[in-house]
Each structure stands twice: as C-alpha cells, then as structure tokens.
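Chemist: Just one file: final.cif, with mmCIF, C-alpha atoms.
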```cif
data_target
#
loop_
_atom_site.label_atom_id
_atom_site.label_comp_id
_atom_site.auth_asym_id
_atom_site.auth_seq_id
_atom_site.Cartn_x
_atom_site.Cartn_y
_atom_site.Cartn_z
CA MET K 1 27.75 -6.08 20.29
CA ASN K 2 26.08 -9.34 19.17
CA LEU K 3 25.83 -10.67 15.61
CA SER K 4 22.28 -9.37 14.98
CA SER K 5 23.33 -5.89 16.14
CA LEU K 6 26.35 -5.99 13.85
CA THR K 7 24.13 -7.01 10.91
CA ALA K 8 21.65 -4.22 11.66
CA TYR K 9 24.46 -1.67 11.97
CA SER K 10 26.08 -2.87 8.77
CA ALA K 11 22.82 -2.69 6.82
CA SER K 12 21.78 0.73 8.13
CA SER K 13 25.17 2.22 7.26
CA HIS K 14 25.17 0.67 3.78
CA PRO K 15 25.14 3.11 0.83
CA LEU K 16 21.93 1.43 -0.40
CA ALA K 17 20.06 1.78 2.91
CA ALA K 18 18.02 4.68 1.48
CA TYR K 19 16.81 2.32 -1.26
CA GLY K 20 15.54 -0.25 1.23
CA TRP K 21 18.65 -2.33 1.93
CA ASP K 22 18.46 -4.01 5.33
CA GLY K 23 19.90 -6.86 7.37
CA GLY K 24 17.59 -9.38 5.68
CA TRP K 25 18.78 -8.48 2.20
CA GLU K 26 22.38 -8.49 3.40
CA ALA K 27 22.00 -12.03 4.73
CA GLU K 28 20.34 -13.19 1.49
CA PHE K 29 23.12 -11.64 -0.56
CA ALA K 30 26.03 -13.11 1.43
CA PRO K 31 26.70 -16.06 -0.97
CA TYR K 32 26.90 -13.67 -3.94
CA ALA K 33 29.18 -11.28 -2.06
CA GLU K 34 31.59 -14.19 -1.67
CA GLN K 35 31.61 -14.50 -5.47
CA GLY K 36 32.68 -10.87 -5.81
CA LEU K 37 29.30 -9.63 -7.07
CA LEU K 38 27.72 -6.31 -6.09
CA PRO K 39 24.20 -5.84 -4.70
CA GLY K 40 21.98 -3.34 -6.44
CA ARG K 41 18.35 -2.35 -6.87
CA VAL K 42 16.75 -2.26 -10.28
CA VAL K 43 15.39 1.24 -10.91
CA ARG K 44 14.34 0.82 -14.55
CA VAL K 45 14.05 -1.96 -17.15
CA ASP K 46 13.90 -1.58 -20.93
CA ARG K 47 14.93 -3.54 -24.03
CA GLY K 48 16.75 -6.37 -22.31
CA GLN K 49 18.78 -4.04 -20.12
CA CYS K 50 18.24 -2.31 -16.82
CA ASP K 51 19.56 0.50 -14.67
CA VAL K 52 20.77 -0.76 -11.29
CA VAL K 53 21.72 1.51 -8.41
CA THR K 54 24.74 0.12 -6.53
CA ALA K 55 27.19 1.37 -3.93
CA ASP K 56 29.35 2.47 -6.90
CA GLY K 57 26.49 4.47 -8.43
CA THR K 58 23.91 3.61 -11.08
CA VAL K 59 25.15 1.15 -13.69
CA ARG K 60 23.69 -0.14 -16.94
CA ALA K 61 23.45 -3.93 -16.91
CA ASP K 62 22.42 -6.58 -19.41
CA THR K 63 19.77 -9.12 -18.33
CA GLU K 64 20.97 -11.84 -20.71
CA PHE K 65 21.75 -14.25 -17.88
CA VAL K 66 18.31 -13.77 -16.27
CA VAL K 67 15.96 -14.71 -19.11
CA PRO K 68 13.76 -17.48 -17.67
CA ARG K 69 10.97 -19.29 -19.50
CA ASP K 70 8.62 -18.17 -16.74
CA PRO K 71 7.63 -14.51 -17.38
CA MET K 72 7.02 -14.14 -13.65
CA LYS K 73 10.76 -14.36 -13.06
CA VAL K 74 11.97 -11.67 -15.43
CA VAL K 75 13.90 -8.69 -14.08
CA CYS K 76 11.49 -6.06 -12.76
CA THR K 77 11.70 -2.58 -11.29
CA GLY K 78 12.18 -2.95 -7.55
CA ASP K 79 14.15 -6.20 -7.74
CA TRP K 80 17.37 -6.63 -5.78
CA ALA K 81 20.05 -8.08 -8.03
CA ALA K 82 23.59 -9.39 -8.01
CA VAL K 83 25.62 -7.62 -10.72
CA ASP K 84 29.19 -7.74 -11.94
CA ALA K 85 31.61 -5.61 -9.95
CA GLY K 86 33.13 -4.28 -13.17
CA GLY K 87 33.55 -4.87 -16.87
CA ASP K 88 31.84 -3.63 -20.00
CA PRO K 89 29.17 -4.70 -20.48
CA ARG K 90 28.02 -5.56 -16.99
CA TYR K 91 25.47 -8.31 -16.38
CA VAL K 92 22.77 -9.09 -13.85
CA ARG K 93 23.84 -12.54 -12.69
CA THR K 94 20.84 -13.39 -10.52
CA LEU K 95 17.90 -11.90 -8.62
CA ILE K 96 17.45 -12.09 -4.85
CA PRO K 97 14.13 -13.85 -4.02
CA ARG K 98 11.32 -11.27 -3.84
CA ARG K 99 9.47 -10.47 -0.65
CA THR K 100 6.41 -9.14 -2.47
CA ALA K 101 5.34 -8.72 -6.09
CA PHE K 102 2.44 -6.84 -7.71
CA VAL K 103 1.16 -9.02 -10.57
CA ARG K 104 -1.68 -8.69 -13.06
CA SER K 105 -2.72 -10.95 -15.92
CA THR K 106 -1.67 -9.92 -19.40
CA SER K 107 -4.16 -9.02 -22.09
CA SER K 108 -2.78 -11.78 -24.31
CA LYS K 109 -4.38 -15.19 -24.78
CA ARG K 110 -1.35 -16.94 -23.31
CA SER K 111 -2.61 -16.76 -19.70
CA GLU K 112 0.57 -15.21 -18.36
CA GLY K 113 1.15 -12.92 -15.43
CA GLN K 114 2.93 -9.57 -15.70
CA ILE K 115 4.96 -8.27 -12.77
CA LEU K 116 4.53 -4.52 -12.37
CA ALA K 117 6.71 -3.98 -9.29
CA ALA K 118 8.77 -6.06 -6.87
CA ASN K 119 9.60 -5.80 -3.16
CA VAL K 120 6.88 -3.25 -2.44
CA ASP K 121 5.70 -2.28 1.05
CA TYR K 122 2.78 -0.02 0.07
CA ALA K 123 0.51 -0.25 -2.96
CA ILE K 124 -0.97 3.21 -3.54
CA VAL K 125 -4.11 3.12 -5.68
CA ALA K 126 -4.68 6.57 -7.19
CA VAL K 127 -8.34 7.38 -7.93
CA SER K 128 -9.28 10.68 -9.54
CA LEU K 129 -12.13 12.70 -8.08
CA ALA K 130 -12.48 14.48 -11.43
CA LEU K 131 -14.69 11.56 -12.51
CA GLU K 132 -17.54 9.60 -10.96
CA LEU K 133 -16.11 6.94 -8.66
CA ASP K 134 -15.80 3.49 -10.23
CA LEU K 135 -15.96 1.39 -7.08
CA GLY K 136 -15.67 -1.86 -9.01
CA ARG K 137 -12.32 -0.78 -10.42
CA VAL K 138 -11.14 0.22 -6.96
CA GLU K 139 -12.05 -3.27 -5.69
CA ARG K 140 -10.14 -4.83 -8.58
CA PHE K 141 -6.97 -2.83 -7.85
CA LEU K 142 -7.24 -3.63 -4.15
CA ALA K 143 -7.58 -7.37 -4.78
CA LEU K 144 -4.25 -7.34 -6.62
CA ALA K 145 -2.71 -5.07 -3.99
CA TRP K 146 -3.65 -7.38 -1.11
CA GLU K 147 -2.51 -10.43 -3.08
CA SER K 148 0.90 -8.80 -3.67
CA GLY K 149 1.69 -8.86 0.03
CA ALA K 150 1.90 -5.06 0.25
CA GLN K 151 -0.28 -2.79 2.38
CA PRO K 152 -2.85 -1.07 0.13
CA LEU K 153 -3.65 2.62 0.38
CA VAL K 154 -6.29 4.47 -1.67
CA VAL K 155 -5.41 8.06 -2.53
CA LEU K 156 -8.26 10.18 -3.88
CA THR K 157 -6.44 12.65 -6.12
CA LYS K 158 -7.63 16.07 -7.30
CA ALA K 159 -9.52 16.61 -4.04
CA ASP K 160 -9.49 20.36 -4.77
CA LEU K 161 -12.17 19.67 -7.41
CA VAL K 162 -14.58 18.82 -4.58
CA PRO K 163 -14.58 22.05 -2.54
CA ASP K 164 -17.58 21.02 -0.43
CA ALA K 165 -16.20 19.33 2.70
CA THR K 166 -19.41 17.37 3.29
CA GLY K 167 -19.48 16.07 -0.27
CA LEU K 168 -15.83 15.05 -0.01
CA SER K 169 -16.47 13.20 3.25
CA TYR K 170 -19.27 11.20 1.56
CA LEU K 171 -16.94 10.21 -1.26
CA VAL K 172 -14.30 9.09 1.23
CA GLN K 173 -16.94 7.11 3.10
CA ASP K 174 -18.07 5.36 -0.11
CA VAL K 175 -14.51 4.23 -0.82
CA GLU K 176 -13.92 3.18 2.80
CA THR K 177 -16.99 0.94 2.58
CA THR K 178 -15.53 -0.54 -0.59
CA ALA K 179 -12.08 -0.95 0.96
CA PRO K 180 -12.36 -2.50 4.43
CA GLY K 181 -9.09 -2.28 6.34
CA VAL K 182 -7.56 0.13 3.83
CA PRO K 183 -6.71 3.77 4.62
CA VAL K 184 -8.43 6.24 2.26
CA LEU K 185 -6.73 9.60 1.88
CA PRO K 186 -8.03 12.58 -0.13
CA VAL K 187 -5.09 14.53 -1.55
CA SER K 188 -4.63 17.64 -3.67
CA ALA K 189 -1.31 18.25 -5.38
CA VAL K 190 -2.58 21.79 -6.10
CA THR K 191 -3.35 22.89 -2.53
CA GLY K 192 -1.08 20.40 -0.75
CA ASP K 193 -3.94 19.04 1.37
CA GLY K 194 -3.23 15.50 2.57
CA LEU K 195 0.31 15.41 1.19
CA ASP K 196 1.97 15.57 4.62
CA VAL K 197 0.16 12.40 5.68
CA LEU K 198 1.08 10.63 2.44
CA VAL K 199 4.73 11.68 2.73
CA ALA K 200 4.85 10.20 6.23
CA VAL K 201 3.41 6.89 4.98
CA VAL K 202 5.70 6.43 1.98
CA ALA K 203 8.78 7.33 4.03
CA GLY K 204 8.49 3.91 5.65
CA GLY K 205 9.60 1.81 2.69
CA THR K 206 8.95 1.15 -1.00
CA SER K 207 5.67 2.31 -2.53
CA VAL K 208 4.22 1.61 -5.96
CA LEU K 209 1.84 4.14 -7.52
CA LEU K 210 -1.00 2.52 -9.49
CA GLY K 211 -4.03 3.79 -11.35
CA GLN K 212 -5.67 4.58 -14.66
CA SER K 213 -4.32 7.09 -17.14
CA GLY K 214 -5.47 10.52 -16.04
CA ALA K 215 -5.68 9.57 -12.35
CA GLY K 216 -3.05 12.20 -11.52
CA LYS K 217 -0.27 9.76 -10.68
CA SER K 218 2.54 11.74 -12.30
CA THR K 219 1.35 14.98 -10.67
CA LEU K 220 1.22 13.17 -7.34
CA ALA K 221 4.69 11.70 -7.90
CA ASN K 222 6.08 15.17 -8.61
CA ALA K 223 4.47 16.48 -5.41
CA LEU K 224 6.11 13.70 -3.39
CA LEU K 225 9.45 14.27 -5.11
CA GLY K 226 9.30 18.02 -4.56
CA GLU K 227 10.18 18.73 -8.19
CA ASP K 228 8.82 18.15 -11.69
CA VAL K 229 10.54 14.89 -12.54
CA MET K 230 7.61 13.14 -14.22
CA ASP K 231 6.02 14.55 -17.37
CA VAL K 232 2.42 15.69 -16.86
CA ARG K 233 -0.19 15.94 -19.59
CA ALA K 234 -3.69 17.38 -19.45
CA THR K 235 -6.64 15.00 -19.29
CA ARG K 236 -9.43 15.08 -21.86
CA ASP K 237 -12.43 17.14 -20.88
CA VAL K 238 -14.79 14.58 -22.42
CA ASP K 239 -14.02 11.62 -20.16
CA GLY K 240 -11.28 12.81 -17.82
CA LYS K 241 -8.83 10.26 -19.18
CA GLY K 242 -5.24 11.04 -20.05
CA ARG K 243 -2.59 9.66 -22.35
CA HIS K 244 0.12 7.46 -20.89
CA THR K 245 2.42 10.05 -19.31
CA THR K 246 4.69 7.43 -17.74
CA THR K 247 5.80 4.81 -20.27
CA THR K 248 8.19 2.80 -18.07
CA ARG K 249 8.28 1.79 -14.43
CA ASN K 250 10.78 3.98 -12.58
CA LEU K 251 12.07 3.67 -9.03
CA LEU K 252 12.67 7.12 -7.54
CA LEU K 253 14.31 8.14 -4.26
CA LEU K 254 12.04 10.40 -2.18
CA PRO K 255 13.53 13.40 -0.33
CA GLY K 256 11.49 12.65 2.79
CA GLY K 257 12.62 9.02 2.91
CA GLY K 258 11.47 5.90 1.12
CA VAL K 259 11.34 5.12 -2.59
CA LEU K 260 8.52 5.35 -5.10
CA ILE K 261 7.85 3.19 -8.16
CA ASP K 262 5.73 5.08 -10.68
CA THR K 263 3.92 2.95 -13.26
CA PRO K 264 2.22 3.65 -16.59
CA GLY K 265 -1.55 4.16 -16.46
CA LEU K 266 -3.34 0.83 -16.56
CA ARG K 267 -6.32 0.47 -18.87
CA GLY K 268 -6.79 -3.20 -18.07
CA VAL K 269 -6.37 -4.66 -14.60
CA GLY K 270 -6.82 -8.42 -14.92
CA LEU K 271 -6.67 -10.60 -11.84
CA TRP K 272 -3.86 -13.13 -11.52
CA ASP K 273 -4.48 -15.93 -9.02
CA ALA K 274 -5.80 -13.42 -6.50
CA GLU K 275 -8.36 -15.42 -4.52
CA THR K 276 -6.84 -14.37 -1.19
CA GLY K 277 -6.80 -10.74 -2.30
CA VAL K 278 -10.44 -10.87 -3.42
CA GLY K 279 -11.39 -12.39 -0.08
CA GLN K 280 -9.59 -9.58 1.73
CA VAL K 281 -11.39 -6.89 -0.29
CA PHE K 282 -14.76 -8.50 0.46
CA SER K 283 -13.93 -9.56 4.00
CA GLU K 284 -17.43 -8.75 5.26
CA ILE K 285 -18.94 -11.21 2.74
CA GLU K 286 -16.47 -13.93 3.72
CA GLU K 287 -17.27 -13.35 7.38
CA LEU K 288 -21.02 -13.55 6.69
CA ALA K 289 -20.48 -16.75 4.65
CA GLU K 290 -19.18 -18.50 7.76
CA SER K 291 -22.75 -18.37 9.13
CA CYS K 292 -24.37 -19.86 6.00
CA ARG K 293 -26.21 -23.13 6.55
CA PHE K 294 -24.24 -24.91 3.86
CA GLN K 295 -20.45 -24.84 3.79
CA ASP K 296 -20.36 -24.65 -0.04
CA CYS K 297 -23.08 -22.00 -0.25
CA ALA K 298 -22.91 -20.05 -3.53
CA HIS K 299 -25.02 -17.21 -2.09
CA GLY K 300 -27.54 -17.60 -4.90
CA SER K 301 -30.83 -19.05 -3.69
CA GLU K 302 -29.74 -21.50 -1.02
CA PRO K 303 -31.83 -21.65 2.17
CA GLY K 304 -30.13 -20.30 5.27
CA CYS K 305 -27.72 -18.08 3.33
CA ALA K 306 -26.39 -15.43 5.71
CA VAL K 307 -25.09 -13.31 2.80
CA LEU K 308 -28.51 -13.04 1.15
CA ALA K 309 -30.08 -12.33 4.53
CA ALA K 310 -27.64 -9.42 4.95
CA ILE K 311 -28.71 -8.04 1.57
CA ASP K 312 -32.41 -8.34 2.49
CA SER K 313 -31.80 -6.49 5.75
CA GLY K 314 -29.79 -3.75 4.03
CA GLU K 315 -26.62 -4.63 5.92
CA LEU K 316 -24.81 -5.58 2.70
CA PRO K 317 -25.20 -3.61 -0.57
CA GLU K 318 -26.21 -5.85 -3.47
CA ARG K 319 -23.55 -4.19 -5.62
CA ARG K 320 -20.86 -5.59 -3.34
CA LEU K 321 -22.10 -9.17 -3.77
CA GLU K 322 -22.34 -8.77 -7.55
CA SER K 323 -18.79 -7.40 -7.67
CA TYR K 324 -17.56 -10.23 -5.42
CA ARG K 325 -19.12 -12.85 -7.69
CA LYS K 326 -17.66 -11.21 -10.79
CA LEU K 327 -14.09 -11.09 -9.44
CA MET K 328 -14.27 -14.62 -8.06
CA ARG K 329 -15.50 -15.96 -11.41
CA GLU K 330 -12.75 -14.09 -13.25
CA ASN K 331 -10.11 -15.37 -10.85
CA GLN K 332 -11.32 -18.97 -11.14
CA TRP K 333 -11.22 -18.67 -14.92
CA ILE K 334 -7.64 -17.37 -15.02
CA VAL K 335 -6.46 -20.05 -12.57
CA ALA K 336 -8.09 -22.80 -14.65
CA LYS K 337 -6.61 -21.29 -17.80
CA THR K 338 -3.19 -21.23 -16.20
CA ASP K 339 -3.49 -24.82 -15.03
CA ALA K 340 -4.43 -25.89 -18.56
CA ARG K 341 -1.35 -24.15 -19.91
CA LEU K 342 0.84 -25.85 -17.34
CA ARG K 343 -0.69 -29.24 -18.15
CA ALA K 344 0.02 -28.67 -21.83
CA GLU K 345 3.63 -27.77 -21.02
CA ILE K 346 4.00 -30.94 -18.97
CA ARG K 347 2.57 -33.05 -21.81
CA ARG K 348 4.97 -31.46 -24.28
CA ASP K 349 7.86 -32.15 -21.89
CA TRP K 350 6.82 -35.79 -21.58
CA LYS K 351 6.62 -36.15 -25.35
CA ARG K 352 10.03 -34.51 -25.76
CA LYS K 353 11.60 -36.81 -23.16
CA GLY K 354 9.82 -39.83 -24.66
CA ALA K 355 11.14 -39.02 -28.13
CA ALA K 356 14.65 -38.55 -26.72
CA GLY K 357 14.39 -41.89 -24.91
CA ARG K 358 13.23 -43.71 -28.03
CA ALA K 359 16.03 -42.15 -30.06
CA ALA K 360 18.58 -43.25 -27.45
CA MET K 361 17.15 -46.76 -27.46
CA GLU K 362 17.30 -46.96 -31.26
CA ALA K 363 20.91 -45.75 -31.18
CA LYS K 364 21.78 -48.36 -28.57
CA ARG K 365 20.18 -51.12 -30.66
CA GLY K 366 22.12 -49.95 -33.71
CA ARG K 367 25.41 -50.21 -31.79
CA LEU K 368 24.53 -53.70 -30.53
CA HIS K 369 23.82 -54.90 -34.05
#
```
Any chance you could give the structure as structure tokens?
Modeler:
Amino acid sequence: MNLSSLTAYSASSHPLAAYGWDGGWEAEFAPYAEQGLLPGRVVRVDRGQCDVVTADGTVRADTEFVVPRDPMKVVCTGDWAAVDAGGDPRYVRTLIPRRTAFVRSTSSKRSEGQILAANVDYAIVAVSLALELDLGRVERFLALAWESGAQPLVVLTKADLVPDATGLSYLVQDVETTAPGVPVLPVSAVTGDGLDVLVAVVAGGTSVLLGQSGAGKSTLANALLGEDVMDVRATRDVDGKGRHTTTTRNLLLLPGGGVLIDTPGLRGVGLWDAETGVGQVFSEIEELAESCRFQDCAHGSEPGCAVLAAIDSGELPERRLESYRKLMRENQWIVAKTDARLRAEIRRDWKRKGAAGRAAMEAKRGRLH
C-alpha cells in the first residue's frame, strides 16, 4: 500500500470523516498534530465561543486566540480548526485555510465582508413558490454562490402550492433561464416530491442553505434531517415573509450522508467582490460581449454591440441586461469602497510608523547629547 492509499484509508476511517474530513485536511493539519492539537469542525459560533466537533466529541472552545483585525478571518461555521486536546477552558489555536467561503457585504458603512459559511461544496438557494418569483434576487444569490467556489443549486420550495404541472414547469424554466449552468429543483416538504433528488445531492459533501425569511429553509432542513430539529414559524399571509426562525448558523449531520449548514433568513444580500460570480450568472451576456466591435463596449449605444443586437432580436431579455448592469455597478462600487478603506489603513500605518521613527530619533539624539 503506497503513501497516498494510506492517507486515503486513514482519512476515511477517521471519526470526523462524516463531517467532511479527508486526506487533504489531514495533510494540512499534520503540523498541528505534531503540536498535540486536535482537529475539529466548527458547528456553531456565538459570543466569542464556538462548538467544535472533534474525535473526542463536541467541545466548547474560546476563540480568543483567533481574533484577527480582518473580519474575513474570524471563526465561522464550517471552519476546520486546531483546538486544545484538553483543559478548561479550551481554545481554538488556529484555523486551517479554507477551500471555499460564502461571503456577502455587511449593511454597515465600513465596507466589510461577512462570512456566512466556510468549506462548502454546495450552495442551496431556497426560493419560495408561495410568492411571485423575484428573479433579480435569485441572480444576486447565485453571483455570491458562484464566487464562493461552491456549486450552486436552486431549490424551489413549497412546490405543492403549484398543483398545475404545466404551470410549475414554466416556473422552473424561468429560473433555469436566469441560472445558466445551475440545477433547478422543485421540492415540497409536505408531499416529499423532489426530496430524494436533493438528499442524493447533499450526501456528497457540505451544503449551505440560503434564502430569505419565509423561504421554507427550516422546513426543508427538517425534511433533510428526518426530524423536527429546526424551529418553524408560519409566514405572514400579507407578503409571504416569515420571522427569522434560525438565528445562528448551525452545521448539522445528515442521516443520508453529508452535512448541512442552515443560516438565518437574509433580508439583504450585498455583493462582495463578486465580479467572477456575476459573470458566471450572466454567462450568455459575457459570451455575446466577445463579439462586440469594441473590446471595452459598455452595451449602451455603441455601434456593433452584439449584446444590444441580441436584445433587438429577442435572443436576450432586456431584464437580464438591466440586472447585469445593476450587479456589475454594485460590485464595482463595493470594490472601490474596499480599496479606499485599505488605502486609508495603509496611510494610518505609515503615519504610525513615521511617528514611531521620529520618536526613536528624538530619543537617540537625547542620549547623544
């Protein structure tokens, strides 16, 4: 048996294999194992502490030693961590570099990103069929999903509310047009339709469940878990929206294999440096743009614009171009805002170092005199 086979065998037989542990994580963790630390996966974070599942069971650990200035590097549900083998309290000593991360911009004016889930294989966007489809919001979620590095999947929940098969097929087709390259699956937690397909998908790794309040995420999570683990609250009849049922991000082991990260309902879904993700969502526009006469064509009124020609011919819906422009403008704004913040931080650092240098020079002169 060669070394790679031994690594694969070791990882697959590891107590954390069900949580996604594999040979790659084992290799990454090797230096920390030599220090006597334990590997574990973060299943919940709150108030400066987190629950970490390890080979010894789930432990409560303090994140005091992992409090970076960069909010993108805080401990997050789904992270793999190195924790103390014993002691009270226990501490998370470091995080293993993430493979993927689902990030949105915060609603604050500080131009910071917020990590919703780490090391995710599938980003499941839950969209309720109890309301009229908001295709623009679907595109926004998918841009962040593609940018995260995970494989997006759109799940149309509450499919039992659309009993007409033809009408349901049209709704699925509308979303498929909005989500090129993304599977679209109508599911009913009431009748069980579509659940077998979804169970098969999520069994292949780590999935994060995303969507607005009232999208049926908690009901869907319970259906996947096979029991009522997540609290479910009725949506309002007026607008179909619900209160935040889930208030923290929880990583849950699925009985059919795989793990699920359930997230609170998201009212705001701001982009965070997601140009690649936006391009993936609107791949047909980017492909058309390659045939534009001018390389920097803005698809406004330029002659020889292949995108505008596609709209005139009916090949491309005008709504898609308007949505593309909107998300690209928003993304450019947040990137510029972030760059400005970074420049300000650099200037402050220069001033701080300059002041320290001047103080040292004055002290040196005082000693010489």
Chemist: Written as a ChimeraX atom specification, what is the full residue list that the PyMOL selection byres ((chain K and resi 40-52) around 8) yields on the file shown?
Modeler: /K:16,19,38-39,53-55,58-64,75-83,248-252
Chemist: Mind writing the picked residues with C-alpha atoms as a JSON list (two decimals), in the frame of the given file?
Modeler:
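This is the output file again_4.json:
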```
[["chain", "number", "residue", "atom", "x", "y", "z"],
["K", 16, "LEU", "CA", 21.93, 1.43, -0.40],
["K", 19, "TYR", "CA", 16.81, 2.32, -1.26],
["K", 38, "LEU", "CA", 27.72, -6.31, -6.09],
["K", 39, "PRO", "CA", 24.20, -5.84, -4.70],
["K", 53, "VAL", "CA", 21.72, 1.51, -8.41],
["K", 54, "THR", "CA", 24.74, 0.12, -6.53],
["K", 55, "ALA", "CA", 27.19, 1.37, -3.93],
["K", 58, "THR", "CA", 23.91, 3.61, -11.08],
["K", 59, "VAL", "CA", 25.15, 1.15, -13.69],
["K", 60, "ARG", "CA", 23.69, -0.14, -16.94],
["K", 61, "ALA", "CA", 23.45, -3.93, -16.91],
["K", 62, "ASP", "CA", 22.42, -6.58, -19.41],
["K", 63, "THR", "CA", 19.77, -9.12, -18.33],
["K", 64, "GLU", "CA", 20.97, -11.84, -20.71],
["K", 75, "VAL", "CA", 13.90, -8.69, -14.08],
["K", 76, "CYS", "CA", 11.49, -6.06, -12.76],
["K", 77, "THR", "CA", 11.70, -2.58, -11.29],
["K", 78, "GLY", "CA", 12.18, -2.95, -7.55],
["K", 79, "ASP", "CA", 14.15, -6.20, -7.74],
["K", 80, "TRP", "CA", 17.37, -6.63, -5.78],
["K", 81, "ALA", "CA", 20.05, -8.08, -8.03],
["K", 82, "ALA", "CA", 23.59, -9.39, -8.01],
["K", 83, "VAL", "CA", 25.62, -7.62, -10.72],
["K", 248, "THR", "CA", 8.19, 2.80, -18.07],
["K", 249, "ARG", "CA", 8.28, 1.79, -14.43],
["K", 250, "ASN", "CA", 10.78, 3.98, -12.58],
["K", 251, "LEU", "CA", 12.07, 3.67, -9.03],
["K", 252, "LEU", "CA", 12.67, 7.12, -7.54]]
```
Chemist: Any chance you could resolve the PyMOL selection byres ((chain K and resi 294-310) around 12) against this file and give the residues as a list in words?
Modeler: Phe282, Ser283, Glu284, Ile285, Glu286, Glu287, Leu288, Ala289, Glu290, Ser291, Cys292, Arg293, Ile311, Asp312, Ser313, Gly314, Glu315, Leu316, Pro317, Glu318, Arg320, Leu321, Glu322, Tyr324, Arg325, Met328 and Arg329 of chain K
Chemist: Around (-7.9, 20.3, -8.5), as given in the file, which residues come within 9 Å? Count only C-alpha atoms and list them as a list in words.
Modeler: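 Those residues lying close to the given coordinates are Leu129, Ala130, Thr157, Lys158, Ala159, Asp160, Leu161, Val162, Ser188, Ala189, Val190 and Thr191 of chain K.
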Chemist: The selected residues should be written to file as a PDB file, in the frame of the given file (atoms: C-alpha atoms).
Modeler:
```pdb
ATOM      1  CA  LEU K 129     -12.130  12.700  -8.080  1.00  0.00           C
ATOM      2  CA  ALA K 130     -12.480  14.480 -11.430  1.00  0.00           C
ATOM      3  CA  THR K 157      -6.440  12.650  -6.120  1.00  0.00           C
ATOM      4  CA  LYS K 158      -7.630  16.070  -7.300  1.00  0.00           C
ATOM      5  CA  ALA K 159      -9.520  16.610  -4.040  1.00  0.00           C
ATOM      6  CA  ASP K 160      -9.490  20.360  -4.770  1.00  0.00           C
ATOM      7  CA  LEU K 161     -12.170  19.670  -7.410  1.00  0.00           C
ATOM      8  CA  VAL K 162     -14.580  18.820  -4.580  1.00  0.00           C
ATOM      9  CA  SER K 188      -4.630  17.640  -3.670  1.00  0.00           C
ATOM     10  CA  ALA K 189      -1.310  18.250  -5.380  1.00  0.00           C
ATOM     11  CA  VAL K 190      -2.580  21.790  -6.100  1.00  0.00           C
ATOM     12  CA  THR K 191      -3.350  22.890  -2.530  1.00  0.00           C
TER      13      THR K 191
END
```
Chemist: Rounded to one decimal in Å, what is the spacing between CA of Ala17 (chain K) and CA of Leu144 (chain K)?
Modeler: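 Distance between the two atoms: 27.7 Å.
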Chemist: Assuming the chain letters and numbering stay as they are in my file, what does the PyMOL selection byres ((chain K and resi 209) around 10) actually select? List them as a tab-separated table (two decimals) with C-alpha atoms, in the frame of the given file.
Modeler:
```tsv
chain	number	residue	atom	x	y	z
K	117	ALA	CA	6.71	-3.98	-9.29
K	122	TYR	CA	2.78	-0.02	0.07
K	123	ALA	CA	0.51	-0.25	-2.96
K	124	ILE	CA	-0.97	3.21	-3.54
K	125	VAL	CA	-4.11	3.12	-5.68
K	126	ALA	CA	-4.68	6.57	-7.19
K	153	LEU	CA	-3.65	2.62	0.38
K	155	VAL	CA	-5.41	8.06	-2.53
K	207	SER	CA	5.67	2.31	-2.53
K	208	VAL	CA	4.22	1.61	-5.96
K	210	LEU	CA	-1.00	2.52	-9.49
K	211	GLY	CA	-4.03	3.79	-11.35
K	217	LYS	CA	-0.27	9.76	-10.68
K	218	SER	CA	2.54	11.74	-12.30
K	220	LEU	CA	1.22	13.17	-7.34
K	221	ALA	CA	4.69	11.70	-7.90
K	249	ARG	CA	8.28	1.79	-14.43
K	260	LEU	CA	8.52	5.35	-5.10
K	261	ILE	CA	7.85	3.19	-8.16
K	262	ASP	CA	5.73	5.08	-10.68
K	263	THR	CA	3.92	2.95	-13.26
K	264	PRO	CA	2.22	3.65	-16.59
K	265	GLY	CA	-1.55	4.16	-16.46
```
Chemist: Between CA of Leu198 (chain K) and CA of Leu185 (chain K), measure the distance and give it in Å to one decimal.
Modeler: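 Separating CA of Leu198 (chain K) from CA of Leu185 (chain K) is a distance of 7.9 Å.
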Chemist: Between CA of Arg104 (chain K) and CA of Leu116 (chain K), what distance in Å does the model show, to one decimal?
Modeler: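 One can read the CA of Arg104 (chain K) to CA of Leu116 (chain K) distance as 7.5 Å.
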Chemist: Using all atoms listed in the file, find the one residue out of K:Ala85, K:Val103, K:Met72, K:Val175 that sits nearest to Val154 (chain K).
Modeler: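 Closest candidate: K:Val175.
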Chemist: Quick one: residues within 12 Å of Leu171 (chain K), all atoms listed in the file counted, chain neighbours fewer than 2 positions away excluded, as a list in words?
Modeler: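 The neighbour list is Val127, Ser128, Leu129, Ala130, Leu131, Glu132, Leu133, Asp134, Leu135, Val155, Leu156, Thr157, Ala159, Val162, Asp164, Ala165, Thr166, Gly167, Leu168, Ser169, Gln173, Asp174, Val175, Glu176, Thr177, Thr178, Val184, Leu185 and Pro186 of chain K.
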Chemist: Of the residues K:Val202, K:Ala27, K:Leu37, K:Val281, which is the one nearest to Gly86 (chain K), using only C-alpha atoms?
Modeler: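 Nearest to Gly86 (chain K): K:Leu37.
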